[in-house]
Amino acid sequence: MSLNTFGAIVTFAIDLEGAMQRFYEEASAVGGDAAETFENYAKKSAKRRQRLIAVRQDNVTEMVLEPISGLNQIDYEPNAATPTDRASALAEAIRLEERAERFYTNAGPKLNVTEPRRAFQKLAQENTERLVELRDLAR
Amino acid sequence: MSAKIVKNYINGSWVASKSSRKQPVLNPATGETLAEVPLSTAAEVDRAVQAAHEAFQEWRTTPPYTRARSMFKFKNLMEEHFEELSRLVVQENGKTIDEARGEVRRSIENIELAAGIPQQMMGYNLEDVAQGIDETALRQPIGVFAAINPFNFPAMVPLWFLPVGVACGNTFIVKPSPLTPLSQEFVFRLLEDCDLPDGVVNMINGDEEAVNALIDHPDVRGISFVGSTKVAKLVYERATRNGKRVQAQGGAKNHMVVMPDADLPKTIGAIIGSAYGCAGQRCLAGSVMVTVGDAHKPFMEALADAASKLRVGYGLEETTQMGPVVTQQALNRVCTYIERGQTEGAKLVLDGRKTQVKEHPNGNFVGPTIFDNAKPGMSIVTDEIFGPVLSVINVPDFESAIDTVELSRYGNAASIFTSNGRYARDFKYRVRAGNIGVNIGVAAPIATFPFGGMKDSFFGDLHGQGPDAINFFTDRKVVIERWF
C-alpha cells in the first residue's frame with residue numbers, strides 16, 4: 001500500500017518504532033554482552049515513538065495537506081524476526097536499522113512541513129549512529 | 001440496542017432534553033447510527049441563557065489571569081485527548097483522519113489565543129488630557145454570547161468563539177450542528193475539568209427552534225454564526241433587529257487563478273488539497289479554477305491525472321485521501337449539480353459519481369469531479385455546491401481573470417498561483433475576498449488573524465479570530481476623571 005498522506009507516513013513511523021522497541025526488548029533477553037545496548041535502544045525507540053506522536057499532533061494543518069506519492073509501505077515494513085541468540089539478534093538489529101534509516105531518509109523530504117522533516121532527518125541520523133555501534137559489536 | 005441520546009450541558013450539569021423531537025447522528029462513511037440528538041425546545045434554551053446570565057455576574061469579576069488559567073487547562077486536556085477527538089470528528093463528519101487532526105490543531109490554536117487574554121484585553125490611557133484630567137479606555141465583557149455552528153468543522157468552529165468569549169469574561173452557549181454534535185459533547189466533557197463555575201459554558205443541541213430562541217432571547221447579547229449565506233443573512237437580520245451584535249459567516253465560491261508562470265507540480269498539489277480536502281465541504285474550498293492563457297492545457301492534464309488518483313474511502317484509514325460528503329441529501333445535491341453542469345454545456349472531464357467504495361456500500365461517497373469549459377453564469381460556477389466539484393474556466397489574460405473572480409457574489413477566499421510579484425500584488429490589492437492566497441490553495445488564517453469574508457460571505461463588522469474576536473467579545477468604555 002502507498003504511504004500517500006502525511007498521517008499515513010507518520011503513523012507508519014510510530015508503528016515502526018513500536019516494532020523496534022518490542023524487538024530490542026526481546027533481543028536484550030538473549031543479547032549476552034550486547035544486552036545493555038539493546039535495552040538502551042528499546043528505551044530510545046519508546047522515546048522516538050513519543051516524539052513522532054507529538055510530530056503528528058503538532059504539525060498537521062489544512063494549509064499543507066496534499067497528496068504524497070512514491071513511498072510504498074511494503075519496502076519499509078520491519079517484519080522483525082524473533083532473536084534467539086546474540087548473533088541472530090545483532091544480524092536482525094542491523095537489518096532493521098538499515099531499513100528504518102532508509103525509510104526516514106526517503107520519507108522525510110516528502111513531508112512538506114519543516115519540523116517533521118527535521119525530525120525525520122534526526123531519526124535517520126540516530127539510525128546511522130546505531131548502525132556503527134551494532135556493526136562494531138558484530139565484529 | 002438503541003443509540004445513546006446526546007444530552008445538553010446546562011449550568012454545570014448534563015441534562016436530558018425533554019423535547020419529543022430527535023434525529024439520528026450518522027457516520028457518513030458507513031451509515032452506522034452513532035447516537036441520537038435531541039432538538040431542544042425554546043424553554044430549554046431559556047434555561048441555558050438564564051444559567052449563563054446568572055453566571056456572568058461573578059465570572060466578569062474573575063481576574064483575567066484566572067480566566068486565562070482555565071484556558072491553559074483546556075488546552076492541555078485537548079492535547080491529551082487529541083487523537084481520540086480527531087477520530088470522533090472523522091466518525092461523525094466523514095473527513096480524513098489528517099483533516100480531523102488539522103481541525104483539532106486549529107481548535108487548540110484558538111484556545112492558545114484565549115490564554116493570552118490578560119495582554120490582549122488591556123486598555124490604554126493618557127494623563128492630563130486637560131490639566132488635571134486623565135482619560136482611560138478600557139475593555140469590559142458584555143454578557144451572554146451564543147455560537148450557532150455548522151457541520152463541517154464540528155470541533156473547531158465553536159472554538160473560534162467560545163475560548164476568547166469566555167476568557168474575556170463573558171459566558172457562553174454553544175449550539176452544535178445536529179448532524180455533528182458528538183465532537184462538542186466530547187469537548188464539553190473536557191471543559192467540565194477546567195474548573196469553570198457552573199453556567200459559564202453551556203451547550204444546547206437543536207435546530208431552527210433553538211436557533212430562533214437564542215436569537216430572540218433578550219439576555220443573549222451577541223451571536224456568532226457560521227453556515228450558508230441564506231441562513232447567515234436571516235440570522236444577521238433577525239439578531240440585529242433584536243439589538244444584538246452579530247458576526248455571521250456565510251457561504252463561498254472561491255476562485256483560484258492559475259497564471260502561465262505558476263509552478264505546475266506545486267500548484268496542482270495545492271489545488272487538489274483545496275478543491276477536494278474535506279470533500280469540498282468547507283468555506284475555504286477552491287471550487288473554480290481560472291486558467292490564464294497557455295496555462296490551461298498543461299494544468300488541466302495534470303489536474304485530471306492527480307484528481308483521478310485520489311484514494312476515496314473511510315477517513316479512519318490512514319491512506320484515505322478524501323472522505324464522503326456528510327449526508328445522503330448532500331450527495332444527491334452534488335450529483336444534481338454534476339448533471340446540471342453537463343446540461344449547461346460544460347465538459348465533464350472526471351465524473352465523481354462513478355466512484356465506488358466497495359468496503360463501505362452505505363457511505364455517501366462521490367469522487368473528485370472536474371468540469372472543463374465552464375463559463376461564468378453556469379450554476380456550477382455561481383452556486384456553492386459544497387462538494388468535490390471543480391469547474392475550470394479559461395480566460396485570455398490577467399485582467400479577464402480578475403473580472404471573472406469579481407463576478408462572484410461571494411467573497412470568502414481567492415487564490416492566485418504565479419511566480420510574478422506584480423500579478424500577486426495586483427490580485428491581493430483588487431480582489432474583494434477576505435482571505436487571499438498567493439500560491440496557497442486554502443488561505444486559512446491562524447488564530448491570531450481575523451477570519452475574513454466579504455460580500456455575501458459575511459454579514460457584520462467584526463470577524464472571528466484574532467483582534468476582531470477581542471473587539472467582538474468586549475465593549476469599550478472611556479473614563480475621564482478628575483480629583484478635587
# chains A, B, ... in the order shown; residues from 1 in each chain; ligands from 1

$ closest_atom_pairs --of "chain B" --to "chain A" --cutoff "7 Å" --atoms "only C-alpha atoms" --output "tab-separated table"
residue	atom	partner	partner_atom	distance
B:Asp98	CA	A:Gly7	CA	5.6
B:Glu99	CA	A:Glu62	CA	6.7
B:Arg101	CA	A:Val60	CA	6.6
B:Gly102	CA	A:Thr61	CA	4.2
B:Arg105	CA	A:Asp58	CA	6.8
B:Gly269	CA	A:Glu66	CA	5.6
B:Ala270	CA	A:Glu66	CA	6.6
B:Gly273	CA	A:Glu66	CA	5.2
B:Glu318	CA	A:Ala8	CA	4.9
B:Thr319	CA	A:Ala8	CA	5.6
B:Gln321	CA	A:Thr5	CA	6.9
B:Val442	CA	A:Met63	CA	5.6
B:Ala444	CA	A:Met63	CA	6.9

$ residues_around --residues "Gly31 of chain A" --least-positions-apart "6" --cutoff "7 Å" --atoms "only C-alpha atoms" --output "ChimeraX atom specification"
/A:85-86,89

$ write_last_selection --atoms "N, CA and C atoms" --output "PDB file, in the first residue's frame"
ATOM      1  N   ASP A  85      19.618 -15.700  19.794  1.00  0.00           N
ATOM      2  CA  ASP A  85      20.907 -15.591  20.478  1.00  0.00           C
ATOM      3  C   ASP A  85      21.562 -14.280  20.066  1.00  0.00           C
ATOM      4  N   ARG A  86      22.754 -14.065  20.598  1.00  0.00           N
ATOM      5  CA  ARG A  86      23.454 -12.795  20.371  1.00  0.00           C
ATOM      6  C   ARG A  86      23.672 -12.536  18.881  1.00  0.00           C
ATOM      7  N   ALA A  89      20.462 -11.817  17.025  1.00  0.00           N
ATOM      8  CA  ALA A  89      19.933 -10.519  17.471  1.00  0.00           C
ATOM      9  C   ALA A  89      20.674  -9.382  16.780  1.00  0.00           C
TER      10      ALA A  89
END

$ atom_distance --atom1 "atom CA of Leu214 of chain B" --atom2 "atom CA of Val157 of chain B"
17.7 Å

$ select_by_dssp --residues "segment 36-110 of chain A" --states "alpha helix (DSSP H)" --output "number ranges by chain"
A: 36-58, 86-107

$ write_last_selection --atoms "C-alpha atoms" --output "compact mmCIF listing (two decimals), in the first residue's frame"
# COMPACT_ATOMS: atom_id res chain seq x y z
CA GLU A 36 22.68 -3.40 27.70
CA THR A 37 22.92 -1.82 24.25
CA PHE A 38 19.67 -3.48 23.20
CA GLU A 39 17.99 -2.32 26.40
CA ASN A 40 19.04 1.29 25.73
CA TYR A 41 17.80 1.05 22.18
CA ALA A 42 14.43 -0.22 23.40
CA LYS A 43 14.10 2.81 25.69
CA LYS A 44 15.22 5.17 22.93
CA SER A 45 12.74 3.64 20.47
CA ALA A 46 9.97 4.29 23.00
CA LYS A 47 11.08 7.95 23.19
CA ARG A 48 11.32 8.18 19.43
CA ARG A 49 7.76 6.86 19.20
CA GLN A 50 6.53 9.56 21.60
CA ARG A 51 8.37 12.21 19.60
CA LEU A 52 6.64 11.04 16.43
CA ILE A 53 3.22 11.13 18.10
CA ALA A 54 3.95 14.76 19.01
CA VAL A 55 5.10 15.45 15.44
CA ARG A 56 1.81 14.07 14.10
CA GLN A 57 -0.20 16.06 16.59
CA ASP A 58 1.59 19.40 16.43
CA ARG A 86 23.45 -12.79 20.37
CA ALA A 87 24.46 -13.36 16.75
CA SER A 88 20.94 -13.53 15.36
CA ALA A 89 19.93 -10.52 17.47
CA LEU A 90 22.79 -8.42 16.08
CA ALA A 91 22.16 -9.52 12.50
CA GLU A 92 18.46 -8.72 12.75
CA ALA A 93 19.13 -5.42 14.52
CA ILE A 94 21.44 -4.31 11.71
CA ARG A 95 18.83 -5.27 9.09
CA LEU A 96 16.09 -3.37 10.93
CA GLU A 97 18.21 -0.27 11.48
CA GLU A 98 19.20 -0.18 7.80
CA ARG A 99 15.56 -0.43 6.82
CA ALA A 100 14.49 2.27 9.27
CA GLU A 101 17.30 4.58 8.20
CA ARG A 102 16.26 4.18 4.56
CA PHE A 103 12.64 4.92 5.45
CA TYR A 104 13.38 8.15 7.34
CA THR A 105 15.81 9.30 4.65
CA ASN A 106 13.33 8.68 1.82
CA ALA A 107 10.17 9.77 3.61

$ residues_around --residues "Ala80 of chain A" --least-positions-apart "2" --cutoff "7 Å" --atoms "only C-alpha atoms" --output "number ranges by chain"
A: 23, 78, 82

$ write_last_selection --atoms "N, CA and C atoms" --output "tab-separated table (two decimals), in the first residue's frame"
chain	number	residue	atom	x	y	z
A	23	PHE	N	11.23	-5.45	19.51
A	23	PHE	CA	12.36	-6.30	19.09
A	23	PHE	C	13.52	-6.17	20.06
A	78	PRO	N	9.00	-3.58	8.93
A	78	PRO	CA	10.13	-4.16	9.69
A	78	PRO	C	10.11	-5.70	9.67
A	82	THR	N	12.13	-12.99	15.50
A	82	THR	CA	12.44	-13.13	16.93
A	82	THR	C	13.88	-13.58	17.11

$ residues_around --residues "Glu58 of chain B" --least-positions-apart "5" --cutoff "10 Å" --atoms "only C-alpha atoms" --output "PDB file with N, CA and C atoms, in the first residue's frame"
ATOM      1  N   HIS B  53     -26.572  33.831  32.183  1.00  0.00           N
ATOM      2  CA  HIS B  53     -26.770  35.226  32.622  1.00  0.00           C
ATOM      3  C   HIS B  53     -26.407  35.372  34.103  1.00  0.00           C
ATOM      4  N   GLY B 169     -14.386  37.239  29.739  1.00  0.00           N
ATOM      5  CA  GLY B 169     -15.257  37.445  30.898  1.00  0.00           C
ATOM      6  C   GLY B 169     -16.731  37.251  30.605  1.00  0.00           C
ATOM      7  N   PRO B 197     -16.801  27.992  36.762  1.00  0.00           N
ATOM      8  CA  PRO B 197     -18.033  27.983  37.554  1.00  0.00           C
ATOM      9  C   PRO B 197     -19.218  27.516  36.699  1.00  0.00           C
ATOM     10  N   VAL B 200     -20.967  29.079  33.162  1.00  0.00           N
ATOM     11  CA  VAL B 200     -20.073  29.871  32.302  1.00  0.00           C
ATOM     12  C   VAL B 200     -20.096  29.317  30.878  1.00  0.00           C
TER      13      VAL B 200
END

$ closest_residue --among "B:Lys354, B:Lys175, B:Arg238, B:Arg432" --to "Asn205 of chain B" --atoms "only C-alpha atoms"
B:Lys175

$ atom_distance --atom1 "atom CA of Gly437 of chain B" --atom2 "atom CA of Ser415 of chain B"
4.3 Å

$ atom_distance --atom1 "atom CA of Gln328 of chain B" --atom2 "atom CA of Lys347 of chain B"
25.3 Å
